[in-house]
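S.K.: This structure is in structure tokens; I'll ask about it shortly.
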Amino acid sequence: MKRINLSELALNHQVLMAFFMVLVVVAGVRSYFQLGQNEDPEFTVKTMVVRAYLPGATIEETMLQLTDRIEKKLQETPSLDYLKSYTLPGETTIFIELLSGTPKKDVPDIWYQVRKKVGDIRQDMPSETQGPFFDDEFGDTYGIIYAFTADGFTHRELKDYVEDVRSELLHVQDVAKATTIGEQDEVYYVEFSPHQLATLGISREAIIAALSRQNALTPSGTVDTGEEQIVLEPTGKFVSTEQLADVTLYAGDKKVRLGDIADVRRSYIDPPQPLFRFNGHDAVGLAVSMRKGGDVLLLEKNINAAVAELCATLPLGIEAHLVANQPAVVHDAVNEFMEALLEAILIVLGISFLSLGARAGAVVAFSIPFVLAFVFVGMDVCGIDLQRVSLGALIIALGLLVDDAMITVESMVSKLEEGWTKTKAATFAYTSTAFPMLTGTLVTILGFIPIGLAKSSAGEYTFSLFAVVCMALIVSWFVAVLFAPLIGVKVLKEHLQERSARAGKTAELFHRALLWAMRHPKKMVGATLLAFVLALAALPLVPKQFFPSSERSELMVDMTLRQGSSIRETNRISQCFDAILAADPGVDHWSSYVGRGAI
């Protein structure tokens with residue numbers, strides 16, 4: 001039975017193969033412009049935080065009533081690595097860390113199990129418990145952050161304007177989330193003297209009960225007019241300090257107005273919620289995250305246009321400042337890798353033309369775009385973005401993917417020099433080299449399998465390296481046996497002159513060196529072992545680094561005060577640091593997060 005010859009099949013259907021070649025190029029170009037662009041690959045953060053509050057409890061009570069009970073239940077979590085908790089008076093924070101080898105597809109279900117298990121013991125906690133609250137969205141990256149400052153406006157007014165901007169940005173293409181930073185909630189304060197209340201015979205509980213009754217949400221029914229239903233809403237709800245001050249209390253048989261025995265005012269929550277400052281000025285931040293698979297550069301363009309349009313509608317005195325701009329970093333990183341990729345292509349092409357000649361080198365040169373086009377289509381299908389790891393994989397694969405095309409064209413050239421026809425030479429290249437090339441390709445892929453099969457966060461981070469290299473090598477074999485013979489038939493000459501029997505100077509020098517090495521095997525083995533020992537000795541001098549270092553012109557300072565320090569004291573120390581930064585001419589701008597870490 002005659003074995004299938006793919007090169008012969010391609011040559012017998014040249015029009016169809018030409019159609020596929022054009023189709024591949026068009027699809028590759030389309031996929032390239034559809035690929036998302038990011039700084040680093042996405043990976044799953046296998047950490048969840050569980051928080052619960054028990055106001056008024058001591059550390060011991062919080063530990064016994066909340067921390068211990070929750071931790072014992074969480075020990076049943078599937079794929080649990082370890083638990084870590086912090087307990088403060090009336091507050092517990094528990095970190096759940098999963099095993100690094102946990103498959104990312106299982107993580108959402110595990111977090112569901114955590115919520116369900118903690119919910120099962122909710123009735124065992126004190127009735128005053130607030131929570132538990134869960135946070136597992138550590139994978140969200142807020143790449144664009146704006147700071148809004150106000151001159152002549154209250155914090156509440158600034159917050160309202162920022163909320164309007166946030167609502168509009170949620171409609172921008174590729175925006176997944178938009179969250180505010182540093183906003184302070186407003187509350188009413190009722191301050192009174194316990195001595196005065198005791199004199200009047202009014203208890204604190206009586207004031208709370210009177211306020212609750214007055215401001216209670218009570219359904220009042222509806223009126224059916226026959227055409228529509230009108231909801232009845234009773235008056236008396238508190239919308240101002242004056243209405244709150246007019247609440248009537250009873251001191252025995254006497255009526256007492258709340259405003260006469262207490263100071264009623266409206267202010268911001270105390271102690272403050274986490275604060276945010278820009279260049280030392282109080283501000284409200286707005287952070288934007290991108291949807292999965294989006295193009296961060298396109299996101300920047302759309303966000304900038306939307307913010308510019310929205311800022312034009314803001315009143316004079318409210319300004320927006322760009323605090324963090326990840327797209328600029330991504331643009332520089334992608335451009336850097338694209339330059340390296342272009343340099344690698346030029347080097348490979350240069351060597352191909354020098355070693356094979358103009359026409360044979362052109363066959364290899366034409367093969368590269370087809371392989372890259374196939375890879376871009378595969379990346380688009382598999383959801384792999386253009387980022388550091390995938391672009392690095394393309395650079396690695398580029399030195400490997402041309403080997404098959406070089407072997408095919410070299411085999412064709414050798415037979416054409418013997419007087420064979422181009423079609424016969426092309427089909428011979430498949431019968432003599434196709435399966436050795438395939439074997440070499442598969443052996444090379446085996447070297448990258450440990451990366452693809454690594455069950456860890458690092459393996460998930462670098463998986464695109466394995467995927468892109470494998471796609472490039474497998475596709476390069478098909479291009480070498482299908483497209484390269486067809487290109488060779490069109491580009492190479494029918495009758496090539498045999499190579500001169502007299503070798504050139506370079507070939508002659510290589511020939512002499514090869515003969516010397518073969519005649520002195522012991523010396524060559526000794527030299528090889530010596531080179532290996534020297535390489536091992538020099539290994540400690542080579543820097544060891546798995547993840548690429550950040551080249552951002554940014555510095556993050558973490559400042560932690562002693563346990564129990566108030567947020568006001570933290571804010572005061574932070575303002576002292578602001579003064580130092582303001583006096584440094586090398587600092588362009590800075591932002592401060594007080595009471596929480598940077599988003």
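All residue names refer to the structure tokens as shown: chains lettered A, B, ... in order, residues numbered from 1 in each chain, ligands numbered from 1 in order.
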Considering only C-alpha atoms, tabulate each residue of range 159-178 of chain A that lies at most 8 Å from range 289-292 of chain A along with its nearest interatomic pair and the corresponding distance in Å to one decimal; arrange the rows by chain and ascending residue number and present them as CSV.
M.R.:
```
residue,atom,partner,partner_atom,distance
A:Asp174,CA,A:Arg291,CA,5.4
A:Val175,CA,A:Met290,CA,4.8
A:Ala176,CA,A:Arg291,CA,4.5
A:Lys177,CA,A:Ser289,CA,5.2
A:Ala178,CA,A:Ser289,CA,6.4
```
S.K.: How would you write, as a count of residues only, the set of residues in range 277-411 of chain A that DSSP gives as strand (DSSP E or B)?
M.R.: 20
S.K.: For Ile202 in chain A, which residue among A:Tyr250, A:Tyr53, A:Trp516, A:Phe370 is the nearest when counting only C-alpha atoms?
M.R.: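 Looking at the shortest contact to Ile202 in chain A, the residue is A:Tyr250.
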S.K.: I need the residue nearest Leu6 in chain A from this list: A:Gly182, A:Gly317, A:Pro521, A:Pro485. Use only C-alpha atoms for the distance.
M.R.: A:Pro485
S.K.: Could you tell me, as a ChimeraX atom specification, which residues of range 123-278 of chain A DSSP assigns to alpha helix (DSSP H) when given the backbone?
M.R.: /A:155-169,194-200,204-214,241-245,258-261
S.K.: For the residues in the current selection, export N, CA and C atoms as a CSV table (one decimal), in the first residue's frame.
M.R.:
```
chain,number,residue,atom,x,y,z
A,155,HIS,N,-16.8,67.2,50.7
A,155,HIS,CA,-16.5,65.8,50.3
A,155,HIS,C,-17.7,65.1,49.8
A,156,ARG,N,-18.8,65.4,50.3
A,156,ARG,CA,-20.1,64.7,49.8
A,156,ARG,C,-20.4,65.2,48.4
A,157,GLU,N,-20.2,66.4,48.1
A,157,GLU,CA,-20.4,66.9,46.7
A,157,GLU,C,-19.4,66.3,45.8
A,158,LEU,N,-18.2,66.2,46.2
A,158,LEU,CA,-17.2,65.5,45.3
A,158,LEU,C,-17.5,64.1,45.1
A,159,LYS,N,-17.9,63.4,46.2
A,159,LYS,CA,-18.3,62.0,46.1
A,159,LYS,C,-19.4,61.8,45.1
A,160,ASP,N,-20.4,62.7,45.1
A,160,ASP,CA,-21.6,62.5,44.2
A,160,ASP,C,-21.1,62.7,42.7
A,161,TYR,N,-20.2,63.6,42.5
A,161,TYR,CA,-19.8,63.8,41.1
A,161,TYR,C,-19.0,62.6,40.6
A,162,VAL,N,-18.1,62.0,41.5
A,162,VAL,CA,-17.3,60.9,41.2
A,162,VAL,C,-18.3,59.7,40.9
A,163,GLU,N,-19.3,59.5,41.7
A,163,GLU,CA,-20.3,58.4,41.4
A,163,GLU,C,-20.9,58.6,40.1
A,164,ASP,N,-21.2,59.8,39.6
A,164,ASP,CA,-21.7,60.0,38.3
A,164,ASP,C,-20.7,59.6,37.2
A,165,VAL,N,-19.5,59.9,37.4
A,165,VAL,CA,-18.4,59.5,36.5
A,165,VAL,C,-18.3,58.0,36.5
A,166,ARG,N,-18.3,57.4,37.6
A,166,ARG,CA,-18.2,55.9,37.7
A,166,ARG,C,-19.4,55.3,36.9
A,167,SER,N,-20.6,55.7,37.1
A,167,SER,CA,-21.7,55.1,36.4
A,167,SER,C,-21.6,55.2,34.9
A,168,GLU,N,-21.0,56.3,34.4
A,168,GLU,CA,-20.8,56.4,33.0
A,168,GLU,C,-19.7,55.5,32.5
A,169,LEU,N,-18.6,55.4,33.3
A,169,LEU,CA,-17.5,54.5,32.8
A,169,LEU,C,-17.8,53.1,32.8
A,194,PRO,N,-25.1,62.4,79.9
A,194,PRO,CA,-25.8,61.3,80.7
A,194,PRO,C,-26.3,61.9,82.0
A,195,HIS,N,-25.6,62.9,82.6
A,195,HIS,CA,-26.1,63.5,83.8
A,195,HIS,C,-27.4,64.2,83.6
A,196,GLN,N,-27.5,65.0,82.5
A,196,GLN,CA,-28.8,65.7,82.2
A,196,GLN,C,-29.9,64.7,82.0
A,197,LEU,N,-29.6,63.6,81.2
A,197,LEU,CA,-30.7,62.6,81.0
A,197,LEU,C,-31.1,61.9,82.3
A,198,ALA,N,-30.2,61.7,83.2
A,198,ALA,CA,-30.6,61.1,84.5
A,198,ALA,C,-31.4,62.1,85.3
A,199,THR,N,-31.1,63.4,85.2
A,199,THR,CA,-31.9,64.4,85.9
A,199,THR,C,-33.4,64.4,85.4
A,200,LEU,N,-33.5,64.2,84.1
A,200,LEU,CA,-34.8,64.3,83.5
A,200,LEU,C,-35.5,62.9,83.5
A,204,ARG,N,-31.0,56.3,77.8
A,204,ARG,CA,-30.5,56.3,76.4
A,204,ARG,C,-31.3,55.4,75.5
A,205,GLU,N,-31.8,54.3,76.1
A,205,GLU,CA,-32.6,53.3,75.3
A,205,GLU,C,-33.9,54.0,74.8
A,206,ALA,N,-34.4,54.9,75.7
A,206,ALA,CA,-35.7,55.6,75.3
A,206,ALA,C,-35.5,56.5,74.1
A,207,ILE,N,-34.3,57.1,74.0
A,207,ILE,CA,-34.0,58.0,72.8
A,207,ILE,C,-33.8,57.1,71.6
A,208,ILE,N,-33.1,56.0,71.7
A,208,ILE,CA,-33.0,55.1,70.5
A,208,ILE,C,-34.3,54.5,70.1
A,209,ALA,N,-35.2,54.2,71.0
A,209,ALA,CA,-36.5,53.6,70.7
A,209,ALA,C,-37.3,54.7,70.0
A,210,ALA,N,-37.3,55.9,70.4
A,210,ALA,CA,-38.1,57.0,69.8
A,210,ALA,C,-37.6,57.3,68.4
A,211,LEU,N,-36.3,57.3,68.2
A,211,LEU,CA,-35.7,57.5,66.9
A,211,LEU,C,-36.1,56.4,65.9
A,212,SER,N,-36.1,55.1,66.4
A,212,SER,CA,-36.4,54.0,65.6
A,212,SER,C,-37.8,54.0,65.2
A,213,ARG,N,-38.7,54.3,66.1
A,213,ARG,CA,-40.2,54.4,65.8
A,213,ARG,C,-40.4,55.4,64.7
A,214,GLN,N,-39.8,56.6,64.9
A,214,GLN,CA,-40.0,57.7,63.9
A,214,GLN,C,-39.5,57.4,62.5
A,241,THR,N,-31.1,67.5,59.9
A,241,THR,CA,-30.9,67.6,61.4
A,241,THR,C,-32.0,68.2,62.1
A,242,GLU,N,-32.8,69.2,61.4
A,242,GLU,CA,-33.9,69.8,62.1
A,242,GLU,C,-35.0,68.8,62.4
A,243,GLN,N,-35.3,67.9,61.5
A,243,GLN,CA,-36.4,66.9,61.7
A,243,GLN,C,-35.9,66.0,62.8
A,244,LEU,N,-34.7,65.7,62.9
A,244,LEU,CA,-34.2,64.8,63.9
A,244,LEU,C,-34.3,65.5,65.3
A,245,ALA,N,-34.0,66.8,65.3
A,245,ALA,CA,-34.0,67.5,66.6
A,245,ALA,C,-35.4,67.7,67.1
A,258,LEU,N,-36.0,66.7,71.5
A,258,LEU,CA,-34.6,66.1,71.5
A,258,LEU,C,-33.5,67.2,71.3
A,259,GLY,N,-33.8,68.1,70.4
A,259,GLY,CA,-32.8,69.2,70.2
A,259,GLY,C,-32.5,70.0,71.5
A,260,ASP,N,-33.4,70.0,72.5
A,260,ASP,CA,-33.2,70.8,73.7
A,260,ASP,C,-32.3,70.1,74.7
A,261,ILE,N,-32.2,68.8,74.5
A,261,ILE,CA,-31.3,68.1,75.5
A,261,ILE,C,-30.1,67.4,74.9
```
S.K.: Pick out the residues sitting within 9 Å of Ser367 in chain A, and hand them over as a CSV table (one decimal) with N, CA and C atoms, in the first residue's frame; count only C-alpha atoms, and ignore anything fewer than 4 positions along from it in its own chain.
M.R.:
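And here's around-v9.csv as it stands now:
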```
chain,number,residue,atom,x,y,z
A,362,ALA,N,14.6,32.5,0.5
A,362,ALA,CA,13.2,33.1,0.3
A,362,ALA,C,12.2,32.1,0.7
A,363,VAL,N,12.4,30.8,0.4
A,363,VAL,CA,11.4,29.8,0.8
A,363,VAL,C,11.2,29.7,2.3
A,371,VAL,N,3.6,30.4,9.6
A,371,VAL,CA,3.6,29.8,11.0
A,371,VAL,C,3.1,30.8,12.0
A,372,LEU,N,3.5,32.0,11.9
A,372,LEU,CA,3.1,33.0,12.9
A,372,LEU,C,1.5,33.3,12.7
A,402,VAL,N,11.9,27.4,12.1
A,402,VAL,CA,12.5,27.5,10.7
A,402,VAL,C,13.3,26.2,10.4
A,405,ALA,N,11.5,23.9,7.8
A,405,ALA,CA,11.5,24.5,6.4
A,405,ALA,C,12.9,24.5,5.8
A,476,SER,N,4.8,24.4,12.4
A,476,SER,CA,6.0,24.5,11.5
A,476,SER,C,6.2,23.3,10.7
A,479,VAL,N,3.6,23.3,7.8
A,479,VAL,CA,4.0,24.3,6.8
A,479,VAL,C,5.2,23.8,6.0
A,480,ALA,N,6.1,23.0,6.7
A,480,ALA,CA,7.3,22.5,6.0
A,480,ALA,C,6.9,21.4,5.0
A,483,PHE,N,3.3,23.7,2.7
A,483,PHE,CA,3.5,25.0,2.0
A,483,PHE,C,4.9,25.2,1.4
A,484,ALA,N,5.9,24.8,2.2
A,484,ALA,CA,7.3,25.0,1.7
A,484,ALA,C,7.6,24.3,0.4
A,487,ILE,N,6.0,26.5,-2.3
A,487,ILE,CA,6.7,27.7,-2.5
A,487,ILE,C,8.0,27.4,-3.2
```
S.K.: In Å, rounded to a single decimal, give me how far CA of Val172 in chain A is from CA of Leu298 in chain A.
M.R.: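 For CA of Leu298 in chain A relative to CA of Val172 in chain A, the distance reads 10.6 Å.
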S.K.: Provide the CA of Ala305 in chain A to CA of Ala328 in chain A distance in Å, to one decimal place.
M.R.: 15.5 Å
S.K.: Which residue gives the smallest distance to Thr47 in chain A among A:Gln273, A:Thr102, A:Thr180, A:Gln326, with only C-alpha atoms counted?
M.R.: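 Going through A:Gln273, A:Thr102, A:Thr180, A:Gln326 one by one, the smallest distance to Thr47 in chain A is for A:Thr102.
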S.K.: Residues near Gly90 in chain A, anyone? I mean within 12 Å using only C-alpha atoms, not counting same-chain ones fewer than 3 positions away, as a PyMOL selection string.
M.R.: chain A and resi 51-67+86-87+93+126+128-131
S.K.: Check the smallest atom-to-atom distance from each of A:Ser79, A:Asn5, A:Ser553, A:Thr560 to Gly101 in chain A using only C-alpha atoms, then report the winner.
M.R.: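 Once distances to Gly101 in chain A are computed over only C-alpha atoms, the minimum belongs to A:Ser79.
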S.K.: If we count only C-alpha atoms and set the cut-off at 9 Å, which residues sit around Val348 in chain A, ignoring sequence neighbours fewer than 5 positions away in its own chain? Please answer as number ranges by chain.
M.R.: A: 343, 353, 365, 398-399, 402
S.K.: Go ahead and save the picked residues with all heavy atoms, as a PDB file, in the first residue's frame.
M.R.:
```
ATOM      1  N   GLU A 343      13.741  41.561  15.687  1.00  0.00           N
ATOM      2  CA  GLU A 343      15.180  41.324  15.575  1.00  0.00           C
ATOM      3  C   GLU A 343      15.474  39.844  15.370  1.00  0.00           C
ATOM      4  O   GLU A 343      16.348  39.475  14.566  1.00  0.00           O
ATOM      5  CB  GLU A 343      15.887  41.836  16.835  1.00  0.00           C
ATOM      6  CG  GLU A 343      15.866  43.352  16.974  1.00  0.00           C
ATOM      7  CD  GLU A 343      16.380  43.808  18.330  1.00  0.00           C
ATOM      8  OE1 GLU A 343      16.739  42.925  19.153  1.00  0.00           O
ATOM      9  OE2 GLU A 343      16.440  45.025  18.581  1.00  0.00           O
ATOM     10  N   PHE A 353      19.454  33.297   4.405  1.00  0.00           N
ATOM     11  CA  PHE A 353      19.919  33.761   3.086  1.00  0.00           C
ATOM     12  C   PHE A 353      21.416  33.498   2.913  1.00  0.00           C
ATOM     13  O   PHE A 353      21.864  33.144   1.825  1.00  0.00           O
ATOM     14  CB  PHE A 353      19.608  35.237   2.904  1.00  0.00           C
ATOM     15  CG  PHE A 353      18.167  35.511   2.572  1.00  0.00           C
ATOM     16  CD1 PHE A 353      17.338  36.157   3.472  1.00  0.00           C
ATOM     17  CD2 PHE A 353      17.627  35.112   1.364  1.00  0.00           C
ATOM     18  CE1 PHE A 353      16.009  36.409   3.188  1.00  0.00           C
ATOM     19  CE2 PHE A 353      16.298  35.360   1.054  1.00  0.00           C
ATOM     20  CZ  PHE A 353      15.479  35.998   1.975  1.00  0.00           C
ATOM     21  N   ALA A 365      11.969  32.219   4.332  1.00  0.00           N
ATOM     22  CA  ALA A 365      11.398  33.511   4.730  1.00  0.00           C
ATOM     23  C   ALA A 365       9.886  33.525   4.570  1.00  0.00           C
ATOM     24  O   ALA A 365       9.161  34.057   5.423  1.00  0.00           O
ATOM     25  CB  ALA A 365      12.026  34.631   3.898  1.00  0.00           C
ATOM     26  N   LEU A 398      10.813  30.964  17.458  1.00  0.00           N
ATOM     27  CA  LEU A 398      11.249  31.436  16.150  1.00  0.00           C
ATOM     28  C   LEU A 398      12.547  30.757  15.717  1.00  0.00           C
ATOM     29  O   LEU A 398      12.736  30.467  14.529  1.00  0.00           O
ATOM     30  CB  LEU A 398      11.427  32.956  16.187  1.00  0.00           C
ATOM     31  CG  LEU A 398      11.588  33.635  14.836  1.00  0.00           C
ATOM     32  CD1 LEU A 398      10.330  33.433  14.004  1.00  0.00           C
ATOM     33  CD2 LEU A 398      11.878  35.104  15.001  1.00  0.00           C
ATOM     34  N   GLY A 399      13.441  30.500  16.664  1.00  0.00           N
ATOM     35  CA  GLY A 399      14.685  29.829  16.318  1.00  0.00           C
ATOM     36  C   GLY A 399      14.500  28.352  16.020  1.00  0.00           C
ATOM     37  O   GLY A 399      15.395  27.707  15.470  1.00  0.00           O
ATOM     38  N   VAL A 402      11.920  27.429  12.081  1.00  0.00           N
ATOM     39  CA  VAL A 402      12.470  27.488  10.720  1.00  0.00           C
ATOM     40  C   VAL A 402      13.275  26.249  10.374  1.00  0.00           C
ATOM     41  O   VAL A 402      13.645  26.043   9.209  1.00  0.00           O
ATOM     42  CB  VAL A 402      13.358  28.741  10.544  1.00  0.00           C
ATOM     43  CG1 VAL A 402      12.528  30.000  10.691  1.00  0.00           C
ATOM     44  CG2 VAL A 402      14.505  28.730  11.538  1.00  0.00           C
TER      45      VAL A 402
END
```
